[in-house]
>>> print(open('target22.cif').read())   # mmCIF, C-alpha atoms
data_work
loop_
_atom_site.label_atom_id
_atom_site.label_comp_id
_atom_site.auth_asym_id
_atom_site.auth_seq_id
_atom_site.Cartn_x
_atom_site.Cartn_y
_atom_site.Cartn_z
CA MET Y 1 -5.77 56.35 28.52
CA LYS Y 2 -9.34 57.20 27.48
CA LYS Y 3 -8.48 56.55 23.84
CA LEU Y 4 -7.10 53.10 24.75
CA TYR Y 5 -10.36 52.22 26.48
CA MET Y 6 -12.22 53.26 23.33
CA ILE Y 7 -10.02 51.35 20.93
CA LEU Y 8 -9.78 48.12 22.93
CA PRO Y 9 -13.49 47.27 22.63
CA LEU Y 10 -13.28 48.03 18.92
CA ALA Y 11 -10.29 45.73 18.60
CA LEU Y 12 -12.06 42.98 20.52
CA ILE Y 13 -15.22 43.35 18.41
CA LEU Y 14 -13.18 43.16 15.21
CA CYS Y 15 -11.41 40.03 16.45
CA PHE Y 16 -14.65 38.35 17.41
CA MET Y 17 -16.10 39.23 13.98
CA PHE Y 18 -13.14 37.67 12.22
CA GLY Y 19 -13.07 34.85 14.74
CA CYS Y 20 -16.70 33.96 14.01
CA GLN Y 21 -16.06 33.87 10.25
CA ASP Y 22 -13.26 31.37 10.93
CA LYS Y 23 -15.65 29.02 12.76
CA ALA Y 24 -15.77 26.73 9.75
CA ALA Y 25 -11.98 26.76 9.51
CA MET Y 26 -11.67 26.13 13.25
CA ALA Y 27 -14.10 23.19 13.05
CA GLU Y 28 -12.11 21.81 10.12
CA LEU Y 29 -8.92 22.18 12.13
CA GLU Y 30 -10.44 20.33 15.09
CA ALA Y 31 -11.62 17.50 12.82
CA PHE Y 32 -8.17 17.38 11.25
CA LYS Y 33 -6.52 17.10 14.68
CA ALA Y 34 -8.98 14.37 15.74
CA GLN Y 35 -8.22 12.40 12.58
CA LYS Y 36 -4.48 12.72 13.19
CA GLU Y 37 -4.95 11.33 16.70
CA VAL Y 38 -6.85 8.32 15.38
CA GLU Y 39 -4.18 7.77 12.72
CA GLU Y 40 -1.42 7.78 15.37
CA GLN Y 41 -3.43 5.39 17.54
CA ASN Y 42 -3.92 3.02 14.61
CA LYS Y 43 -0.20 3.14 13.79
CA GLU Y 44 0.60 2.18 17.40
CA ILE Y 45 -1.78 -0.78 17.19
CA VAL Y 46 -0.13 -1.92 13.94
CA ASN Y 47 3.36 -1.60 15.45
CA ARG Y 48 2.22 -3.67 18.42
CA LEU Y 49 0.71 -6.29 16.10
CA PHE Y 50 4.01 -6.72 14.25
CA GLU Y 51 6.10 -6.72 17.46
CA GLU Y 52 3.96 -9.47 18.95
CA LEU Y 53 3.87 -11.52 15.74
CA ASN Y 54 7.69 -11.35 15.72
CA LYS Y 55 7.63 -12.93 19.18
CA GLY Y 56 5.42 -15.73 17.84
CA ASN Y 57 2.40 -14.43 19.78
CA VAL Y 58 -0.37 -15.59 17.46
CA GLU Y 59 -2.99 -14.64 20.10
CA ILE Y 60 -2.37 -10.99 19.26
CA TRP Y 61 -4.67 -11.34 16.24
CA LYS Y 62 -7.60 -12.10 18.57
CA GLU Y 63 -6.62 -9.26 20.91
CA LEU Y 64 -6.35 -6.53 18.29
CA CYS Y 65 -9.03 -7.53 15.79
CA ALA Y 66 -12.81 -7.24 15.87
CA PRO Y 67 -14.80 -10.52 15.64
CA GLU Y 68 -15.91 -9.60 12.11
CA PHE Y 69 -12.26 -9.23 10.98
CA LEU Y 70 -11.49 -10.46 7.45
CA TYR Y 71 -8.08 -11.19 5.86
CA TYR Y 72 -8.00 -10.71 2.12
CA TYR Y 73 -5.23 -12.49 0.25
CA PRO Y 74 -5.07 -11.71 -2.62
CA SER Y 75 -6.37 -8.20 -1.99
CA GLU Y 76 -9.49 -8.62 -4.14
CA THR Y 77 -10.40 -12.20 -3.26
CA THR Y 78 -14.10 -12.98 -2.83
CA GLU Y 79 -13.18 -15.57 -0.17
CA PRO Y 80 -11.35 -13.75 2.62
CA MET Y 81 -10.24 -15.61 5.74
CA SER Y 82 -12.15 -15.11 8.97
CA LEU Y 83 -10.38 -14.12 12.19
CA GLU Y 84 -10.27 -17.79 13.20
CA GLN Y 85 -8.97 -18.94 9.80
CA ASN Y 86 -6.28 -16.25 9.80
CA TYR Y 87 -5.31 -17.22 13.36
CA GLU Y 88 -4.91 -20.88 12.31
CA HIS Y 89 -2.97 -19.82 9.22
CA PHE Y 90 -0.46 -17.93 11.35
CA GLN Y 91 -0.32 -20.77 13.89
CA MET Y 92 0.82 -23.07 11.11
CA ALA Y 93 3.21 -20.46 9.68
CA PHE Y 94 4.92 -20.07 13.08
CA LYS Y 95 5.36 -23.87 13.33
CA SER Y 96 6.73 -24.05 9.78
CA PHE Y 97 8.94 -20.97 10.25
CA PRO Y 98 9.88 -20.73 13.95
CA ASP Y 99 12.07 -17.66 13.29
CA PHE Y 100 9.30 -15.89 11.33
CA ASN Y 101 10.04 -12.17 11.20
CA LEU Y 102 8.36 -9.09 9.77
CA LYS Y 103 10.54 -6.06 9.08
CA THR Y 104 8.58 -2.89 8.40
CA HIS Y 105 10.15 -0.46 5.92
CA GLU Y 106 7.28 1.99 5.66
CA LEU Y 107 4.11 2.74 7.60
CA ILE Y 108 1.48 5.12 6.20
CA ALA Y 109 -1.64 6.10 8.15
CA LYS Y 110 -4.63 7.91 6.67
CA GLY Y 111 -8.17 8.02 7.99
CA ASP Y 112 -9.14 4.55 9.18
CA LYS Y 113 -6.34 2.77 7.33
CA VAL Y 114 -2.69 1.92 7.87
CA ILE Y 115 -0.49 0.65 5.05
CA ALA Y 116 2.66 -1.32 5.86
CA ARG Y 117 5.41 -2.28 3.41
CA GLN Y 118 7.38 -5.19 4.81
CA THR Y 119 9.93 -7.92 4.27
CA VAL Y 120 9.00 -11.38 5.58
CA THR Y 121 11.83 -13.72 6.56
CA GLY Y 122 12.09 -17.15 8.17
CA THR Y 123 13.64 -20.60 7.90
CA HIS Y 124 11.53 -23.42 6.47
CA GLU Y 125 11.87 -25.88 9.33
CA GLY Y 126 8.42 -27.45 9.28
CA ASP Y 127 5.92 -28.77 6.77
CA TYR Y 128 4.09 -25.84 5.18
CA HIS Y 129 0.79 -26.61 3.41
CA GLY Y 130 2.12 -29.99 2.33
CA ILE Y 131 5.62 -28.78 1.42
CA PRO Y 132 8.09 -30.72 3.56
CA ALA Y 133 10.74 -28.73 5.44
CA THR Y 134 13.59 -27.69 3.18
CA GLY Y 135 15.70 -25.73 5.67
CA ASN Y 136 15.64 -22.88 3.13
CA LYS Y 137 15.81 -19.31 4.36
CA ILE Y 138 12.97 -17.41 2.78
CA LYS Y 139 12.66 -13.69 2.17
CA PHE Y 140 9.93 -11.87 0.30
CA SER Y 141 8.09 -8.54 0.29
CA VAL Y 142 4.49 -7.70 1.11
CA ILE Y 143 2.23 -4.67 1.41
CA LEU Y 144 -0.60 -4.83 3.92
CA ILE Y 145 -3.57 -2.45 4.06
CA LEU Y 146 -5.14 -2.62 7.52
CA GLN Y 147 -8.50 -1.00 8.29
CA PHE Y 148 -9.60 0.04 11.78
CA LYS Y 149 -12.87 0.80 13.50
CA ASP Y 150 -13.12 1.98 17.12
CA GLY Y 151 -9.55 0.90 17.86
CA LYS Y 152 -9.90 -2.62 16.46
CA CYS Y 153 -8.65 -4.01 13.17
CA ILE Y 154 -11.57 -5.05 10.97
CA GLU Y 155 -9.79 -5.91 7.75
CA THR Y 156 -6.37 -6.62 6.25
CA ARG Y 157 -5.64 -6.82 2.51
CA ASP Y 158 -2.37 -8.45 1.49
CA GLU Y 159 -0.39 -8.33 -1.73
CA GLY Y 160 3.12 -9.63 -2.07
CA ASP Y 161 5.59 -11.89 -3.78
CA TYR Y 162 3.94 -15.18 -2.84
CA LEU Y 163 5.12 -16.68 -6.12
CA GLY Y 164 8.69 -15.95 -5.04
CA PHE Y 165 7.91 -17.36 -1.60
CA MET Y 166 6.67 -20.65 -3.09
CA GLN Y 167 9.70 -20.85 -5.38
CA GLN Y 168 11.99 -20.35 -2.40
CA LEU Y 169 10.33 -23.39 -0.84
CA GLY Y 170 11.40 -25.36 -3.92
CA MET Y 171 8.15 -25.20 -5.88
CA GLU Y 172 8.55 -24.72 -9.63
CA LEU Y 173 6.36 -22.92 -12.11
CA LYS Y 174 5.63 -25.25 -15.03
CA PRO Y 175 3.04 -25.41 -17.81
CA LYS Y 176 -0.02 -27.23 -16.51
CA GLU Y 177 -0.48 -30.91 -17.40
CA GLY Y 178 -2.06 -31.19 -20.78
CA GLU Y 179 -1.25 -27.60 -21.67
CA LYS Y 180 0.90 -26.87 -24.76
CA MET A 1 4.02 56.85 19.83
CA LYS A 2 0.87 56.56 21.92
CA LYS A 3 -1.16 55.66 18.80
CA LEU A 4 1.31 52.91 17.91
CA PHE A 5 0.94 51.35 21.35
CA MET A 6 -2.81 51.41 20.92
CA ILE A 7 -2.78 49.88 17.45
CA LEU A 8 -0.18 47.18 18.18
CA PRO A 9 -2.46 45.09 20.43
CA LEU A 10 -5.15 45.27 17.73
CA VAL A 11 -2.66 44.10 15.12
CA PHE A 12 -1.48 41.21 17.33
CA LEU A 13 -5.05 40.13 18.08
CA LEU A 14 -5.94 40.15 14.38
CA CYS A 15 -2.80 38.18 13.54
CA PHE A 16 -3.61 35.49 16.13
CA THR A 17 -7.14 35.21 14.76
CA PHE A 18 -5.96 34.71 11.19
CA SER A 19 -3.16 32.38 12.25
CA CYS A 20 -5.76 29.90 13.51
CA GLN A 21 -6.07 28.68 9.95
CA LYS A 22 -5.35 25.05 9.08
CA GLN A 23 -1.74 24.65 8.04
CA ALA A 24 -1.55 23.48 4.44
CA GLU A 25 -0.43 19.86 4.29
CA GLU A 26 2.89 19.35 2.56
CA GLY A 27 3.11 16.78 -0.19
CA ILE A 28 0.67 15.74 -2.85
CA THR A 29 -2.88 17.13 -2.60
CA GLU A 30 -5.95 14.99 -3.17
CA GLU A 31 -6.58 16.92 -6.39
CA ASP A 32 -3.06 16.30 -7.70
CA ALA A 33 -3.33 12.64 -6.68
CA GLN A 34 -6.55 12.28 -8.65
CA ALA A 35 -4.99 14.05 -11.64
CA PHE A 36 -1.97 11.72 -11.46
CA THR A 37 -4.26 8.70 -11.26
CA ASP A 38 -6.29 9.89 -14.26
CA ARG A 39 -3.10 10.22 -16.34
CA ILE A 40 -1.79 6.84 -15.17
CA LEU A 41 -5.06 5.23 -16.19
CA ALA A 42 -4.83 6.93 -19.60
CA MET A 43 -1.24 5.73 -19.99
CA TRP A 44 -2.07 2.10 -19.19
CA ASN A 45 -5.43 1.90 -20.92
CA GLU A 46 -4.43 3.76 -24.08
CA ALA A 47 -0.86 2.40 -24.15
CA ASN A 48 0.25 6.03 -24.33
CA LEU A 49 3.96 6.13 -23.50
CA THR A 50 4.22 9.92 -23.85
CA ILE A 51 2.41 10.20 -20.52
CA VAL A 52 5.42 8.58 -18.80
CA ASP A 53 7.29 11.92 -18.98
CA GLU A 54 4.27 13.70 -17.48
CA VAL A 55 3.80 11.58 -14.40
CA TYR A 56 7.25 10.28 -13.47
CA ALA A 57 10.26 12.35 -12.42
CA PRO A 58 13.45 11.78 -14.48
CA GLU A 59 15.03 10.04 -11.49
CA ILE A 60 12.09 7.63 -11.09
CA VAL A 61 12.87 4.28 -9.46
CA ARG A 62 10.36 1.44 -9.76
CA HIS A 63 10.54 -1.53 -7.39
CA ASP A 64 8.68 -4.70 -8.32
CA CYS A 65 7.92 -7.17 -5.50
CA GLY A 66 8.79 -10.13 -7.72
CA VAL A 67 11.83 -8.77 -9.55
CA PRO A 68 15.19 -8.06 -7.83
CA GLU A 69 16.28 -5.44 -10.39
CA ASP A 70 14.73 -2.00 -10.08
CA ILE A 71 13.73 0.02 -13.12
CA VAL A 72 15.46 3.40 -13.09
CA GLY A 73 14.78 6.42 -15.29
CA LEU A 74 12.15 7.36 -17.84
CA GLU A 75 13.56 5.42 -20.82
CA ASN A 76 13.70 2.17 -18.87
CA MET A 77 10.16 2.78 -17.61
CA LYS A 78 8.96 3.26 -21.20
CA ASN A 79 10.72 0.03 -22.28
CA TYR A 80 9.08 -1.83 -19.41
CA PHE A 81 5.61 -0.58 -20.29
CA GLU A 82 6.18 -1.19 -24.02
CA ASN A 83 7.01 -4.87 -23.33
CA LEU A 84 3.85 -5.20 -21.25
CA PHE A 85 1.67 -3.51 -23.88
CA ASN A 86 3.10 -5.86 -26.54
CA ALA A 87 2.34 -8.90 -24.38
CA PHE A 88 -1.16 -7.67 -23.43
CA PRO A 89 -2.40 -5.22 -26.12
CA ASP A 90 -5.81 -4.87 -24.43
CA LEU A 91 -4.34 -4.23 -20.99
CA ASN A 92 -6.80 -2.47 -18.69
CA LEU A 93 -6.14 -1.01 -15.27
CA THR A 94 -8.78 0.01 -12.76
CA VAL A 95 -7.98 1.69 -9.46
CA ASP A 96 -10.18 0.24 -6.74
CA GLU A 97 -8.94 2.42 -3.90
CA MET A 98 -6.70 5.44 -3.51
CA ILE A 99 -5.18 6.70 -0.24
CA VAL A 100 -3.18 9.94 -0.10
CA ALA A 101 -1.03 10.89 2.90
CA GLY A 102 1.63 13.59 2.89
CA ASN A 103 3.82 13.02 -0.16
CA LYS A 104 2.67 9.40 -0.55
CA MET A 105 -0.12 7.68 -2.40
CA VAL A 106 -1.30 4.09 -2.11
CA GLN A 107 -3.41 2.53 -4.85
CA ARG A 108 -5.16 -0.82 -4.78
CA TRP A 109 -5.80 -1.88 -8.36
CA THR A 110 -6.97 -4.59 -10.74
CA MET A 111 -5.36 -5.43 -14.09
CA THR A 112 -6.96 -7.37 -16.93
CA GLY A 113 -5.64 -8.30 -20.36
CA THR A 114 -5.24 -11.00 -22.99
CA ASN A 115 -1.78 -12.44 -23.58
CA THR A 116 -1.53 -12.28 -27.35
CA GLY A 117 2.11 -11.19 -27.50
CA SER A 118 5.41 -12.57 -26.24
CA MET A 119 6.53 -11.75 -22.74
CA ASN A 120 10.07 -12.30 -21.44
CA ASP A 121 10.87 -15.08 -23.96
CA MET A 122 7.54 -16.72 -23.15
CA PRO A 123 5.43 -17.26 -26.28
CA PRO A 124 1.89 -15.82 -26.19
CA THR A 125 -0.61 -18.08 -24.44
CA GLY A 126 -3.74 -16.43 -25.82
CA ARG A 127 -5.19 -16.55 -22.30
CA SER A 128 -6.91 -13.80 -20.34
CA VAL A 129 -5.71 -12.64 -16.97
CA ARG A 130 -7.23 -10.69 -14.13
CA PHE A 131 -5.12 -9.99 -11.06
CA SER A 132 -4.84 -7.49 -8.25
CA GLY A 133 -2.06 -5.37 -6.83
CA VAL A 134 -1.14 -2.58 -4.46
CA SER A 135 1.26 0.23 -5.31
CA ILE A 136 2.92 2.84 -3.14
CA GLY A 137 4.24 6.04 -4.71
CA HIS A 138 6.40 8.83 -3.28
CA PHE A 139 5.85 12.22 -4.92
CA VAL A 140 7.74 15.47 -5.37
CA ASN A 141 6.01 18.39 -7.13
CA GLY A 142 3.19 16.14 -8.34
CA LYS A 143 5.45 13.57 -10.04
CA ALA A 144 6.33 10.12 -8.77
CA VAL A 145 10.00 9.74 -7.79
CA GLU A 146 9.81 6.21 -6.39
CA ILE A 147 7.17 3.49 -6.68
CA TRP A 148 6.65 0.01 -5.33
CA ASP A 149 4.38 -2.29 -7.37
CA PHE A 150 3.24 -5.39 -5.48
CA TYR A 151 0.87 -7.75 -7.27
CA ASN A 152 -0.38 -11.31 -7.47
CA ALA A 153 2.02 -12.79 -10.01
CA LEU A 154 1.10 -16.30 -8.85
CA ASP A 155 -2.53 -15.77 -9.86
CA MET A 156 -1.44 -14.24 -13.16
CA MET A 157 0.90 -17.13 -14.06
CA GLN A 158 -1.71 -19.71 -13.07
CA GLN A 159 -4.21 -18.00 -15.34
CA LEU A 160 -1.63 -18.07 -18.14
CA GLY A 161 -1.54 -21.85 -17.82
CA PHE A 162 1.23 -22.48 -15.32
CA ALA A 163 1.07 -24.41 -12.07
CA LEU A 164 3.29 -24.71 -9.04
CA THR A 165 4.77 -28.20 -8.91
CA PRO A 166 7.02 -29.83 -6.36
CA PRO A 167 10.65 -30.20 -7.49
CA GLN A 168 11.49 -33.31 -9.51
CA SER A 169 12.93 -35.92 -7.15
CA PRO A 170 14.27 -39.40 -7.98
CA GLU A 171 11.79 -42.24 -7.31
CA PRO A 172 12.60 -43.90 -3.98
CA PRO A 173 13.65 -47.50 -4.76
CA GLU A 174 11.23 -50.37 -4.02
CA GLU A 175 8.73 -48.24 -2.21
CA LYS A 176 5.32 -49.85 -2.08
CA LYS A 177 2.21 -48.10 -0.90
#
>>> encode(input="target22.cif", output="structure tokens")
Amino acid sequence: MKKLYMILPLALILCFMFGCQDKAAMAELEAFKAQKEVEEQNKEIVNRLFEELNKGNVEIWKELCAPEFLYYYPSETTEPMSLEQNYEHFQMAFKSFPDFNLKTHELIAKGDKVIARQTVTGTHEGDYHGIPATGNKIKFSVILILQFKDGKCIETRDEGDYLGFMQQLGMELKPKEGEK
Amino acid sequence: MKKLFMILPLVFLLCFTFSCQKQAEEGITEEDAQAFTDRILAMWNEANLTIVDEVYAPEIVRHDCGVPEDIVGLENMKNYFENLFNAFPDLNLTVDEMIVAGNKMVQRWTMTGTNTGSMNDMPPTGRSVRFSGVSIGHFVNGKAVEIWDFYNALDMMQQLGFALTPPQSPEPPEEKK
């Protein structure tokens, strides 16, 4: 019994020694866990955004985004849309495509960003940016990169088959007037 | 036997201490992702098709947002790139942003080039293009097994001298404005 009492303190001292050396590793682990929590939170916000957009709830943009939110389409444009402009854009899209739907195939979260790969579908039942209703069913793919800060979306960058989308609305790609 | 009982707790305590190490993330590491990106940039910017075998798995599948048919396998990938390099001999790719998560990588990129060669039965336009895109890649053992390339083809075609026009429709009879 005496020997046990002698060895236990030794064991505890050794553990504390090794434990202290792992402080850096422990801190890294804590930071890692904290980042994972933020990533999960951001993914939930993105899922909610898409669910509400699929219900035609255009107000969700104002609920989930910060006032300084910017929507970049194409992804490197120097003239992104403001929160208000993006809101109006979606308002029109919902009128033009009352059955507008986003189907998410893949959601990736890392740090302050969430990436979504989606298929957009809808029926062209209303004038869209000057293109009269065709009744065509449209379907095209997009990737969105959404950035978050303090639980609010501050930026979305969008790349997708908008050429295909326009062609599905009946627009045709032709050499410009005066071009050879 | 007594000694074993005394040492066992020590062993367990030491094991718990060491086990509080961060679990290694499965998938592609940041270092491997950067190495892959460096080789991809070399492939595009030097038109070096031998790099295709280095960075893509034999079963590679490439999805293009604007093209219904996927490109499958290394030979088809090389043919695809060769056609692009012929159409745009000075093709240049820059990666503006790279995000790595698990076995996936997302790249936001910009492509520039001058269309001095034929592309898909379209004669060369001699025009320069600059357009953006986003790609997602899934990786196994550092090589891409599946990729999605989404990019602004509309911008690219407009820069090549094309425009979106409404469909031709017959003139409505006797309409006066």
>>> closest_residue(input="target22.cif", among="A:Glu146, A:Leu93, A:Ser132, A:Gln168", to="Pro58 in chain A", atoms="all atoms listed in the file")
A:Glu146
>>> interface_residues(input="target22.cif", of="chain Y", to="chain A", cutoff="9 Å", atoms="only C-alpha atoms", output="NGL selection string")
:Y and (3-4 or 7-8 or 10-12 or 14-16 or 18-19 or 22 or 25-26 or 28-29 or 32 or 74-77 or 108-111 or 113 or 115 or 117 or 131 or 140-145 or 158-164 or 166-167 or 170-177 or 179-180)
>>> residues_near_point(input="target22.cif", point="(3.2, 13.1, -6.5)", cutoff="9 Å", atoms="only C-alpha atoms", output="count of residues only")
20
>>> residues_near_point(input="target22.cif", point="(5.5, -15.0, 13.9)", cutoff="12 Å", atoms="only C-alpha atoms", output="PyMOL selection string")
chain Y and resi 49-61+87+89-103+120-123
>>> residues_around(input="target22.cif", residues="Thr112 in chain A", least_positions_apart="6", cutoff="9 Å", atoms="only C-alpha atoms", output="list in words")
Phe88, Asp90, Leu91, Asn92, Leu93, Thr94, Ser128, Val129, Arg130, Phe131 and Ser132 of chain A
>>> resolve_selection(input="target22.cif", expression="the PyMOL selection byres ((chain Y and resi 136) around 10)", output="count of residues only")
14
>>> closest_residue(input="target22.cif", among="A:Ile60, A:Pro68, A:Asn79, A:Val95", to="Gln34 in chain A", atoms="all atoms listed in the file")
A:Val95
>>> atom_distance(input="target22.cif", atom1="CA of Glu30 in chain Y", atom2="CA of Glu44 in chain Y")
21.4 Å
>>> atom_distance(input="target22.cif", atom1="CA of Leu74 in chain A", atom2="CA of Ala35 in chain A")
19.4 Å
>>> atom_distance(input="target22.cif", atom1="CA of Asp70 in chain A", atom2="CA of Gln118 in chain Y")
16.9 Å
>>> residues_around(input="target22.cif", residues="Gly126 in chain A", least_positions_apart="3", cutoff="7 Å", atoms="all atoms listed in the file", output="MDAnalysis selection string")
chainID A and resid 114:116
>>> resolve_selection(input="target22.cif", expression="the PyMOL selection byres ((chain A and resi 77) around 10)", output="number ranges by chain")
A: 49, 52-53, 56, 60-62, 71-76, 78-82
>>> axis_aligned_box(input="target22.cif", around="range 42-61 of chain A", padding_each_side="4 Å", output="lines of an AutoDock Vina configuration file")
center_x = 4.8
center_y = 7.8
center_z = -16.9
size_x = 28.5
size_y = 19.8
size_z = 22.9
>>> closest_residue(input="target22.cif", among="Y:Thr104, Y:Asn42, Y:Asn86, Y:Asn47", to="Gln147 in chain Y", atoms="only C-alpha atoms")
Y:Asn42
>>> resolve_selection(input="target22.cif", expression="the PyMOL selection byres ((chain A and resi 46) around 10)", output="list in words")
Ile40, Leu41, Ala42, Met43, Trp44, Asn45, Ala47, Asn48, Leu49, Phe85, Pro89, Asp90, Leu91 and Asn92 of chain A
>>> build_atoms(input="target22.cif", residues="range 118-137 of chain Y", atoms="N, CA and C atoms", output="compact mmCIF listing (two decimals), in the frame of the given file")
# COMPACT_ATOMS: atom_id res chain seq x y z
N GLN Y 118 6.55 -4.36 3.95
CA GLN Y 118 7.38 -5.19 4.81
C GLN Y 118 8.19 -6.22 4.05
N THR Y 119 9.22 -6.74 4.73
CA THR Y 119 9.93 -7.92 4.27
C THR Y 119 9.65 -9.03 5.26
N VAL Y 120 9.26 -10.20 4.75
CA VAL Y 120 9.00 -11.38 5.58
C VAL Y 120 10.20 -12.32 5.46
N THR Y 121 10.72 -12.76 6.60
CA THR Y 121 11.83 -13.72 6.56
C THR Y 121 11.53 -14.87 7.51
N GLY Y 122 12.24 -15.99 7.29
CA GLY Y 122 12.09 -17.15 8.17
C GLY Y 122 12.83 -18.34 7.58
N THR Y 123 12.99 -19.38 8.38
CA THR Y 123 13.64 -20.60 7.90
C THR Y 123 12.60 -21.71 7.84
N HIS Y 124 12.55 -22.40 6.72
CA HIS Y 124 11.53 -23.42 6.47
C HIS Y 124 11.88 -24.70 7.22
N GLU Y 125 11.49 -24.75 8.50
CA GLU Y 125 11.87 -25.88 9.33
C GLU Y 125 10.74 -26.86 9.58
N GLY Y 126 9.54 -26.54 9.09
CA GLY Y 126 8.42 -27.45 9.28
C GLY Y 126 7.58 -27.51 8.03
N ASP Y 127 6.83 -28.60 7.90
CA ASP Y 127 5.92 -28.77 6.77
C ASP Y 127 5.03 -27.53 6.63
N TYR Y 128 4.92 -27.02 5.41
CA TYR Y 128 4.09 -25.84 5.18
C TYR Y 128 3.11 -26.16 4.06
N HIS Y 129 1.82 -26.29 4.40
CA HIS Y 129 0.79 -26.61 3.41
C HIS Y 129 1.23 -27.76 2.50
N GLY Y 130 1.75 -28.81 3.10
CA GLY Y 130 2.12 -29.99 2.33
C GLY Y 130 3.52 -29.96 1.75
N ILE Y 131 4.24 -28.85 1.91
CA ILE Y 131 5.62 -28.78 1.42
C ILE Y 131 6.56 -29.14 2.57
N PRO Y 132 7.23 -30.30 2.45
CA PRO Y 132 8.09 -30.72 3.56
C PRO Y 132 9.21 -29.70 3.80
N ALA Y 133 9.69 -29.67 5.06
CA ALA Y 133 10.74 -28.73 5.44
C ALA Y 133 11.94 -28.85 4.51
N THR Y 134 12.43 -27.70 4.06
CA THR Y 134 13.59 -27.69 3.18
C THR Y 134 14.82 -27.13 3.90
N GLY Y 135 14.60 -26.42 5.02
CA GLY Y 135 15.70 -25.73 5.67
C GLY Y 135 16.06 -24.43 4.96
N ASN Y 136 15.33 -24.11 3.89
CA ASN Y 136 15.64 -22.88 3.13
C ASN Y 136 15.30 -21.64 3.93
N LYS Y 137 16.12 -20.62 3.77
CA LYS Y 137 15.81 -19.31 4.36
C LYS Y 137 14.99 -18.55 3.33
